[in-house]
Amino acid sequence: MALEEKREKRPPVTPMMIEEEAALRNGSRGLPPGPWAEAAGPRPRTTERHIAVHKRLVLGFAVSILALLAVTMIAVLLSVRFEECGAAADGPPRAGGNGSLSGVARQPPGAGQPLGRPEEEARGGEAAEEEEEEEEEEWQRRRELPPWARPRLPRHLRPLHYNLMLSAFMENFTFSGEVNVQLEVRNASRYIVLHAHRMHIEAVRVAEDKLAGGVRVARTFFYPQTQVFVVVLNRSLEVQRSYNLKIIYNALIENELLGFFRSSYVLHGERRFLGVTQFSPTHARKAFPCFDEPIYKATFKISIRHQATYLSLSNMPVETSVFEEDGWVTDHFSQTPLMSTYYLAWAVCNFTYRETVTKSGVVVRLYARPDAIRRGSGDYALNITRRLIEFYEDYFKVPYSLPKLDLLAVPKHPYAAMENWGLSVFVEQRILLDPSISSILYLLDVTMVIVHELCHQWFGDLVTPVWWEDVWLKEGFAHYFEFIGTDYLYPGWNMEKQRFLTDVLHEVMLLDGLASSHPVSQEVQQASDIDRVFDWIAYKKGAALIRMLASFMGHSVFQMGLQDYLTIHKYGNAARNDLWNTLSKALKRVGKSVNIQEVMDQWTLQMGYPVITILGNETTDNIIVISQERFVYDSDTKPKDPARGDSSYLWQIPLTIAVGNTSHISSEAIIWVSNKSEHHRIPALEEASWLLGNINQTGYFRVNYDIRNWKLLINQLTRNHEVISVSNRAGLIDDAFNLARAGYLPQNIPLEIMRYLSEEKDFLPWHAASRALYPLDKLLDRTENYNIFNEYILRQVASMYLKLGWPTNNLNKSLVQASYQHEELRREVIMLACSFGNKHCHQQAATLISDWISSNRNRIPLNVRDIVYCTGVSLMDEDVWEFIWMKFHSTTAVSEKKILLEALTCSDDRNLLNRLLNLSLNSEVVLDQDAIDVIIHVARNPHGRDLAWKFFREKWKILNARYGEALFMNSKLVSGVTEFLNTEGELRELKNFIKSYEGGAAVSFSRAVETVEANVRWQRLYKEELFQWLRKSLTQ
Ligand SMILES: [Zn+2]
């Protein structure tokens, strides 16, 4: 699953939705009329729920009286023996055969007390309730939670195979299903507990073997707290027998982007709908009753009945299609291999496709809306997918497991993409690409999302983490392989050696350097915790730890270990210890002995990371002192776990170290550092030699040195920077800026390092500098003396800006692989020059914008459009803002729309910024997922920071209601709006605000407070020191 673009999950109630739901209740094709049709609308919104409940009470009362009369008459006329009461006797039997097929209660709307159907209340509903209470008391006496109330499913049953038959009614967005689950009994029990949520269950039957007949169902009920459905039987299921559980149910094709949901697009002026699934992590239970935990792998045989104007897709290819006379068709899909529920998938749409076949015969298709397919917007993705399957098959030495892989481009999706096995789903912006209007950055985004999801076909789908606490086992690997796989496609780009550092390592160390961080393996108890584990720590720290591991093992041994791991655990589940064991064995085979579990447990179970300090010992020759401590930005903050101070954090650190002098660097040596402080002998340490730790920044830690060594390194960079590798140059910059920000290093060191950049021709160190400068710039951009800082940066950038110049219009050129580094460097330098106010840069941007306005032809080079738009809006008058606003409305290209919208936030006109903020919440104007970016970008603008902060507080209720469930969105918003607040007053406002609102986003807010406290502390302690040095430096 790729997170970058996690989209809204809870759209606001709009009149249209109410209409749709009202339409649902007016009976519909495939659903019997009457009370059932009403029941087909689970979870009506508040007002309707009241009406529905009221209706039901009246109806229930009437039916009760009728039923009472009927029962009395029957009892008088016949002598009836009531064998059983309760749900088993309720409702008309639906199908023939053995066993009791029972009509059962509907899912309660929302949560709380189950509302039975009226006739149920008449017949023994009370008895069932009493029975339930007695049972609960019995469990209480035993001091145990009943099996349905436990956070995890009870272990006594295991699903072996599911037969799932669905009918999708696209005209009213409902579907009905019949699932047959073959169950294996491990411990005798009277209960079947499985997940089911937001559905109406119509009938349940349990049959023993296929021939031996039925087992009576005593009663059934939903237990919404744990999202389970419970079938209570009259007798225990016996061990080592196999049973069949049959459930007939109905539900909505949701408007929220979870479970089986719908979305739409417009083709030739006509709105077309599609239905697609998103089950990860816990939404399969909204589409069919199932054992919805990754450990319950089973085989699935799916059939989908739909109107013939649509086509249906699922994980496996269609085996047969059966056409009916009335224009309906049923597609029967082949049986899947063993798999978990969360990456099962299906779709009903009227897309078209293009196809390719891999060397090993896997059929790859890209499905998208017909106009996109016709334009060829999917061709790039299709082409690299074929090559990537071949790459992974070769790298892992495990063939792709299914006969086909479909990539489905949908207009709306809660994530950037989801790796469903054989049917991966992507939001259009992350898979469709039109080379004539796409920047390199956009191409890179599309490429990496595809590489990520394809890696999951092995890491995640074929071998699945046992439980969500180790979600990083799949997400960390997929994120790491984004870089390895992109290097395969574009060997010159050096993604794993270079861009990994800035985009993953440096990025996540910012987050993980907060005392309020958390370990990469997180305990997960409640279902509601599961969403929380999909965060940057799992993805980026996971990837960084895997890279460190690969590096100290050696890449070829690491690759062998992964091949073994996938081969041993394929079609099964694995926990982190399984990985550690396999990798340890691989190391042993090449004669190395490292206890990988012992090492990695410290990195995965402890939060944060160490800063290593290397001190040259001046009294004893060639002896250095290496110490470690936990790195934190704000050393005043109390550790999250007060029982365990920061001082108790220790890691086993694979520190690589090299010695250099003016023209030479030694080969690296590895030192395992495991104590607080250690002495080591370093040979060949001369007077003028410097030490460099963490060679190529493969380790997940920072390195600090004594000032003398820092000065020697700076000197080396200035005289001949190429002695130090590109990765280490970027690493030194990032470490120095962050060590200074946290107070481990004087403020001038990072600024002194920057001076060598005028000679730096590689992209990565510039990119690292630009990223590291950004938070510093935000700390200073509203201070009186900002211009001193600004002036200093401009001086460092000026000569390289002059050397590189501007790109020419490359509209007609294809994306040239070789020029990637150069183009990215030029872009970075132009961005720095324009944002710090280089006059030539400003003029150039203004000229390009004026040309666009006067000629109405956009000749701005693709790779710098965002910079030019933003600069134009900030410098030029309101007409330019209006022009960009108009273009934002008229363009249809998704990548272009996004940068136009962001440019609007660059204005320094506070009225325009306010207008934009207010418009951002209008879903007709700004897509829900983009509104967050508008608010965050206004907060980055020094002229808009307080406006965005005020707007955020005023609209918090609306924002929280809109994004609350999508935790990732909410935390992005909270951190985006607050991360650059840095005055005492703003800190007070933040704390007061948190006090006054109720619930939600608690983790994000505690992170926000810590960040702002660190900002305020930096202002208090270090700001003046920095300005003093800058003043002195500028007059020299
Ligand atoms: Zn993923």
# chains A, B, ... in the order shown; residues from 1 in each chain; ligands from 1
>>> residues_near_ligand(ligand="ligand 1", cutoff="9 Å", atoms="only C-alpha atoms and all ligand atoms", output="PyMOL selection string")
chain A and resi 1-3+417-419+449+452-453+455-456+460+474-479+534+539
>>> write_last_selection(atoms="all heavy atoms", output="compact mmCIF listing (two decimals), in the first residue's frame")
# COMPACT_ATOMS: atom_id res chain seq x y z
N MET A 1 0.87 -1.18 0.00
CA MET A 1 0.00 0.00 0.00
C MET A 1 0.90 1.22 0.00
O MET A 1 1.85 1.30 0.76
CB MET A 1 -0.83 -0.05 1.28
CG MET A 1 -2.04 0.79 1.26
SD MET A 1 -3.28 0.09 2.36
CE MET A 1 -2.75 0.66 3.94
N ALA A 2 0.63 2.14 -0.86
CA ALA A 2 1.45 3.35 -0.89
C ALA A 2 0.65 4.50 -0.30
O ALA A 2 -0.52 4.68 -0.59
CB ALA A 2 1.85 3.66 -2.33
N LEU A 3 1.32 5.28 0.56
CA LEU A 3 0.59 6.26 1.36
C LEU A 3 0.52 7.66 0.79
O LEU A 3 -0.39 8.39 1.12
CB LEU A 3 1.28 6.41 2.72
CG LEU A 3 1.01 5.35 3.76
CD1 LEU A 3 1.66 5.79 5.06
CD2 LEU A 3 -0.47 5.13 3.97
N ALA A 417 -2.07 3.80 -3.84
CA ALA A 417 -2.28 2.52 -4.53
C ALA A 417 -2.41 1.41 -3.51
O ALA A 417 -2.07 1.58 -2.34
CB ALA A 417 -1.10 2.23 -5.45
N MET A 418 -2.92 0.27 -3.98
CA MET A 418 -3.06 -0.90 -3.10
C MET A 418 -2.70 -2.15 -3.88
O MET A 418 -3.18 -2.37 -4.99
CB MET A 418 -4.49 -0.96 -2.55
CG MET A 418 -4.81 -2.20 -1.75
SD MET A 418 -3.78 -2.35 -0.27
CE MET A 418 -3.74 -4.13 -0.07
N GLU A 419 -1.88 -2.99 -3.22
CA GLU A 419 -1.20 -4.09 -3.91
C GLU A 419 -2.02 -5.36 -4.07
O GLU A 419 -1.45 -6.44 -4.14
CB GLU A 419 0.06 -4.44 -3.13
CG GLU A 419 -0.19 -5.10 -1.75
CD GLU A 419 -0.16 -4.13 -0.58
OE1 GLU A 419 -0.33 -2.92 -0.83
OE2 GLU A 419 0.03 -4.56 0.57
N VAL A 449 5.70 4.32 -7.29
CA VAL A 449 4.48 3.70 -6.76
C VAL A 449 4.28 2.32 -7.40
O VAL A 449 3.94 1.35 -6.72
CB VAL A 449 3.24 4.59 -6.99
CG1 VAL A 449 1.96 3.86 -6.65
CG2 VAL A 449 3.33 5.86 -6.15
N HIS A 452 6.76 -0.14 -5.99
CA HIS A 452 6.34 -0.46 -4.63
C HIS A 452 5.25 -1.55 -4.63
O HIS A 452 5.39 -2.58 -3.96
CB HIS A 452 5.81 0.83 -3.98
CG HIS A 452 5.32 0.68 -2.58
ND1 HIS A 452 5.97 1.22 -1.51
CD2 HIS A 452 4.22 0.08 -2.07
CE1 HIS A 452 5.32 0.94 -0.40
NE2 HIS A 452 4.23 0.24 -0.71
N GLU A 453 4.21 -1.33 -5.41
CA GLU A 453 3.09 -2.28 -5.39
C GLU A 453 3.51 -3.64 -5.96
O GLU A 453 3.03 -4.68 -5.52
CB GLU A 453 1.88 -1.74 -6.16
CG GLU A 453 1.37 -0.38 -5.67
CD GLU A 453 1.16 -0.29 -4.17
OE1 GLU A 453 0.82 -1.31 -3.54
OE2 GLU A 453 1.38 0.80 -3.60
N CYS A 455 6.49 -4.98 -5.72
CA CYS A 455 7.28 -5.66 -4.69
C CYS A 455 6.34 -6.39 -3.72
O CYS A 455 6.61 -7.49 -3.28
CB CYS A 455 8.13 -4.65 -3.93
SG CYS A 455 9.09 -5.39 -2.60
N HIS A 456 5.22 -5.75 -3.42
CA HIS A 456 4.23 -6.37 -2.51
C HIS A 456 3.67 -7.68 -3.04
O HIS A 456 3.16 -8.48 -2.27
CB HIS A 456 3.06 -5.42 -2.30
CG HIS A 456 3.29 -4.39 -1.24
ND1 HIS A 456 3.85 -4.67 -0.03
CD2 HIS A 456 2.98 -3.07 -1.22
CE1 HIS A 456 3.89 -3.55 0.70
NE2 HIS A 456 3.38 -2.57 0.00
N GLY A 460 4.31 -9.38 1.12
CA GLY A 460 2.98 -8.94 1.53
C GLY A 460 1.95 -9.95 1.05
O GLY A 460 1.25 -10.56 1.83
N LYS A 474 6.40 -5.64 5.50
CA LYS A 474 6.04 -5.54 4.08
C LYS A 474 6.24 -4.13 3.55
O LYS A 474 6.74 -3.93 2.46
CB LYS A 474 4.63 -6.07 3.83
CG LYS A 474 3.48 -5.16 4.22
CD LYS A 474 2.14 -5.83 3.89
CE LYS A 474 0.94 -4.98 4.22
NZ LYS A 474 0.64 -3.98 3.19
N GLU A 475 5.86 -3.11 4.35
CA GLU A 475 5.95 -1.74 3.84
C GLU A 475 7.39 -1.25 3.77
O GLU A 475 7.77 -0.53 2.86
CB GLU A 475 5.09 -0.79 4.69
CG GLU A 475 3.59 -1.07 4.62
CD GLU A 475 3.04 -1.08 3.20
OE1 GLU A 475 3.72 -0.59 2.27
OE2 GLU A 475 1.93 -1.60 3.01
N GLY A 476 8.20 -1.63 4.74
CA GLY A 476 9.61 -1.25 4.70
C GLY A 476 10.30 -1.84 3.48
O GLY A 476 11.04 -1.16 2.78
N PHE A 477 10.02 -3.12 3.20
CA PHE A 477 10.62 -3.75 2.03
C PHE A 477 10.14 -3.10 0.74
O PHE A 477 10.94 -2.81 -0.16
CB PHE A 477 10.32 -5.26 2.01
CG PHE A 477 11.37 -6.05 2.73
CD1 PHE A 477 11.15 -6.53 4.02
CD2 PHE A 477 12.60 -6.29 2.13
CE1 PHE A 477 12.13 -7.22 4.70
CE2 PHE A 477 13.59 -6.99 2.80
CZ PHE A 477 13.36 -7.47 4.09
N ALA A 478 8.83 -2.87 0.64
CA ALA A 478 8.30 -2.29 -0.60
C ALA A 478 8.89 -0.89 -0.82
O ALA A 478 9.22 -0.51 -1.94
CB ALA A 478 6.78 -2.23 -0.55
N HIS A 479 9.06 -0.15 0.27
CA HIS A 479 9.61 1.20 0.14
C HIS A 479 11.09 1.14 -0.24
O HIS A 479 11.56 1.89 -1.09
CB HIS A 479 9.41 1.94 1.47
CG HIS A 479 9.52 3.43 1.36
ND1 HIS A 479 8.97 4.14 0.33
CD2 HIS A 479 10.13 4.34 2.14
CE1 HIS A 479 9.24 5.43 0.49
NE2 HIS A 479 9.96 5.58 1.58
N PHE A 534 0.18 2.40 9.83
CA PHE A 534 0.64 2.75 8.48
C PHE A 534 1.13 4.20 8.50
O PHE A 534 0.41 5.11 8.13
CB PHE A 534 -0.50 2.62 7.47
CG PHE A 534 -0.85 1.19 7.17
CD1 PHE A 534 -1.74 0.50 7.97
CD2 PHE A 534 -0.26 0.55 6.08
CE1 PHE A 534 -2.05 -0.83 7.69
CE2 PHE A 534 -0.58 -0.77 5.80
CZ PHE A 534 -1.47 -1.46 6.61
N TYR A 539 7.09 2.86 7.15
CA TYR A 539 7.56 2.84 5.76
C TYR A 539 9.03 3.23 5.67
O TYR A 539 9.85 2.51 5.14
CB TYR A 539 6.74 3.83 4.92
CG TYR A 539 5.40 3.30 4.49
CD1 TYR A 539 4.41 3.03 5.42
CD2 TYR A 539 5.11 3.07 3.15
CE1 TYR A 539 3.17 2.55 5.04
CE2 TYR A 539 3.87 2.60 2.76
CZ TYR A 539 2.89 2.34 3.70
OH TYR A 539 1.68 1.86 3.31
>>> residues_around(residues="stretch 502-509 of chain A", least_positions_apart="4", cutoff="7 Å", atoms="only C-alpha atoms", output="VMD selection string")
chain A and resid 513 536 to 537 540 to 541 544 734 768
>>> closest_residue(among="A:Lys588, A:Pro224, A:Leu433, A:Asn172", to="A:Ser895", atoms="only C-alpha atoms")
A:Leu433
>>> select_by_dssp(residues="stretch 284-360 of chain A", states="strand (DSSP E or B)", output="MDAnalysis selection string")
chainID A and resid 290 298:307 311:314 318:323 328:333 339 346:349 352:357
>>> residues_around(residues="A:Lys359", least_positions_apart="6", cutoff="12 Å", atoms="only C-alpha atoms", output="count of residues only")
10
>>> residues_around(residues="stretch 248-256 of chain A", least_positions_apart="2", cutoff="8 Å", atoms="only C-alpha atoms", output="ChimeraX atom specification")
/A:9-11,40-42,173-179,198-204,246,258-263,275,287-288
>>> residues_around(residues="stretch 739-745 of chain A", least_positions_apart="4", cutoff="12 Å", atoms="only C-alpha atoms", output="MDAnalysis selection string")
chainID A and resid 509:510 513:514 610:613 629:637 701:707 710 731:735 749:751 772:773 775:777 779 1011 1013:1023 1025:1026
>>> closest_residue(among="A:Tyr310, A:Ile682, A:Ile899, A:Val398", to="A:Glu171", atoms="only C-alpha atoms")
A:Tyr310
>>> residues_around(residues="stretch 944-949 of chain A", least_positions_apart="3", cutoff="9 Å", atoms="only C-alpha atoms", output="number ranges by chain")
A: 905-910, 913-914, 917, 935-941, 952-954, 977-978, 980-981, 986
>>> write_last_selection(atoms="N, CA and C atoms", output="compact mmCIF listing (two decimals), in the first residue's frame")
# COMPACT_ATOMS: atom_id res chain seq x y z
N THR A 905 -1.07 29.56 -3.41
CA THR A 905 -0.77 29.78 -1.98
C THR A 905 0.50 30.63 -1.80
N CYS A 906 1.17 30.98 -2.90
CA CYS A 906 2.44 31.71 -2.79
C CYS A 906 2.25 33.23 -2.70
N SER A 907 1.04 33.70 -2.87
CA SER A 907 0.80 35.14 -2.87
C SER A 907 1.17 35.76 -1.52
N ASP A 908 1.62 37.05 -1.55
CA ASP A 908 1.78 37.69 -0.24
C ASP A 908 0.60 38.63 0.05
N ASP A 909 -0.42 38.55 -0.75
CA ASP A 909 -1.64 39.32 -0.50
C ASP A 909 -2.53 38.52 0.46
N ARG A 910 -2.67 39.04 1.68
CA ARG A 910 -3.40 38.28 2.70
C ARG A 910 -4.87 38.10 2.35
N LEU A 913 -5.02 35.14 0.10
CA LEU A 913 -4.78 33.91 0.84
C LEU A 913 -6.01 33.50 1.65
N ASN A 914 -6.65 34.49 2.23
CA ASN A 914 -7.88 34.20 2.98
C ASN A 914 -8.98 33.67 2.07
N LEU A 917 -8.19 30.10 1.27
CA LEU A 917 -8.47 29.20 2.40
C LEU A 917 -9.96 28.90 2.48
N ILE A 935 -4.12 24.32 2.68
CA ILE A 935 -3.94 24.87 4.03
C ILE A 935 -2.47 24.78 4.46
N ILE A 936 -1.85 23.63 4.18
CA ILE A 936 -0.45 23.45 4.57
C ILE A 936 0.46 24.43 3.83
N HIS A 937 0.20 24.61 2.54
CA HIS A 937 1.06 25.52 1.78
C HIS A 937 0.88 26.97 2.21
N VAL A 938 -0.32 27.35 2.56
CA VAL A 938 -0.49 28.72 3.09
C VAL A 938 0.29 28.86 4.39
N ALA A 939 0.31 27.79 5.19
CA ALA A 939 1.05 27.84 6.46
C ALA A 939 2.56 27.96 6.24
N ARG A 940 3.04 27.49 5.09
CA ARG A 940 4.48 27.59 4.81
C ARG A 940 4.86 29.00 4.36
N ASN A 941 3.90 29.73 3.85
CA ASN A 941 4.12 31.09 3.39
C ASN A 941 4.18 32.01 4.62
N PHE A 952 -7.30 26.97 10.57
CA PHE A 952 -7.27 25.58 11.06
C PHE A 952 -8.05 25.45 12.37
N ARG A 953 -7.81 26.40 13.30
CA ARG A 953 -8.50 26.31 14.60
C ARG A 953 -9.99 26.55 14.44
N GLU A 954 -10.33 27.54 13.62
CA GLU A 954 -11.76 27.85 13.44
C GLU A 954 -12.51 26.71 12.76
N VAL A 977 0.35 22.37 9.52
CA VAL A 977 -0.07 23.70 9.96
C VAL A 977 0.74 24.19 11.15
N THR A 978 1.23 23.25 11.96
CA THR A 978 1.87 23.68 13.21
C THR A 978 3.40 23.63 13.19
N PHE A 980 5.85 24.95 11.77
CA PHE A 980 6.70 26.13 11.70
C PHE A 980 6.27 27.24 12.66
N LEU A 981 5.34 26.94 13.53
CA LEU A 981 5.03 27.91 14.58
C LEU A 981 6.25 27.94 15.49
N GLU A 986 2.51 31.55 20.00
CA GLU A 986 1.91 30.48 19.19
C GLU A 986 1.88 29.16 19.96
>>> atom_distance(atom1="atom CA of A:Ala575", atom2="atom CA of A:Pro465")
5.7 Å
>>> residues_around(residues="A:Asn573", least_positions_apart="4", cutoff="7 Å", atoms="only C-alpha atoms", output="number ranges by chain")
A: 295, 463-466, 569
>>> write_last_selection(atoms="N, CA and C atoms", output="CSV table (one decimal), in the first residue's frame")
chain,number,residue,atom,x,y,z
A,295,ILE,N,-3.4,-13.7,9.3
A,295,ILE,CA,-3.0,-15.1,9.6
A,295,ILE,C,-3.9,-16.1,9.0
A,463,VAL,N,4.2,-13.7,0.9
A,463,VAL,CA,4.6,-13.9,2.3
A,463,VAL,C,4.0,-12.7,3.1
A,464,THR,N,3.2,-13.0,4.0
A,464,THR,CA,2.4,-12.0,4.7
A,464,THR,C,2.8,-11.9,6.1
A,465,PRO,N,3.0,-10.6,6.7
A,465,PRO,CA,3.3,-10.5,8.1
A,465,PRO,C,2.2,-11.2,8.9
A,466,VAL,N,2.6,-11.8,10.0
A,466,VAL,CA,1.6,-12.5,10.9
A,466,VAL,C,0.6,-11.6,11.4
A,569,HIS,N,8.6,-19.3,3.2
A,569,HIS,CA,7.3,-18.9,3.8
A,569,HIS,C,6.3,-18.6,2.7
>>> closest_residue(among="A:Ala1002, A:Leu511, A:Arg241, A:Thr656", to="A:Ile671", atoms="only C-alpha atoms")
A:Thr656
>>> atom_distance(atom1="atom CA of A:Ser521", atom2="atom CA of A:Gln602")
10.7 Å
>>> atom_distance(atom1="atom CA of A:Phe396", atom2="atom CA of A:Lys570")
11.7 Å
>>> select_by_dssp(residues="stretch 278-527 of chain A", states="alpha helix (DSSP H)", output="PyMOL selection string")
chain A and resi 370-375+379-396+440-456+471-489+500+507-512+527
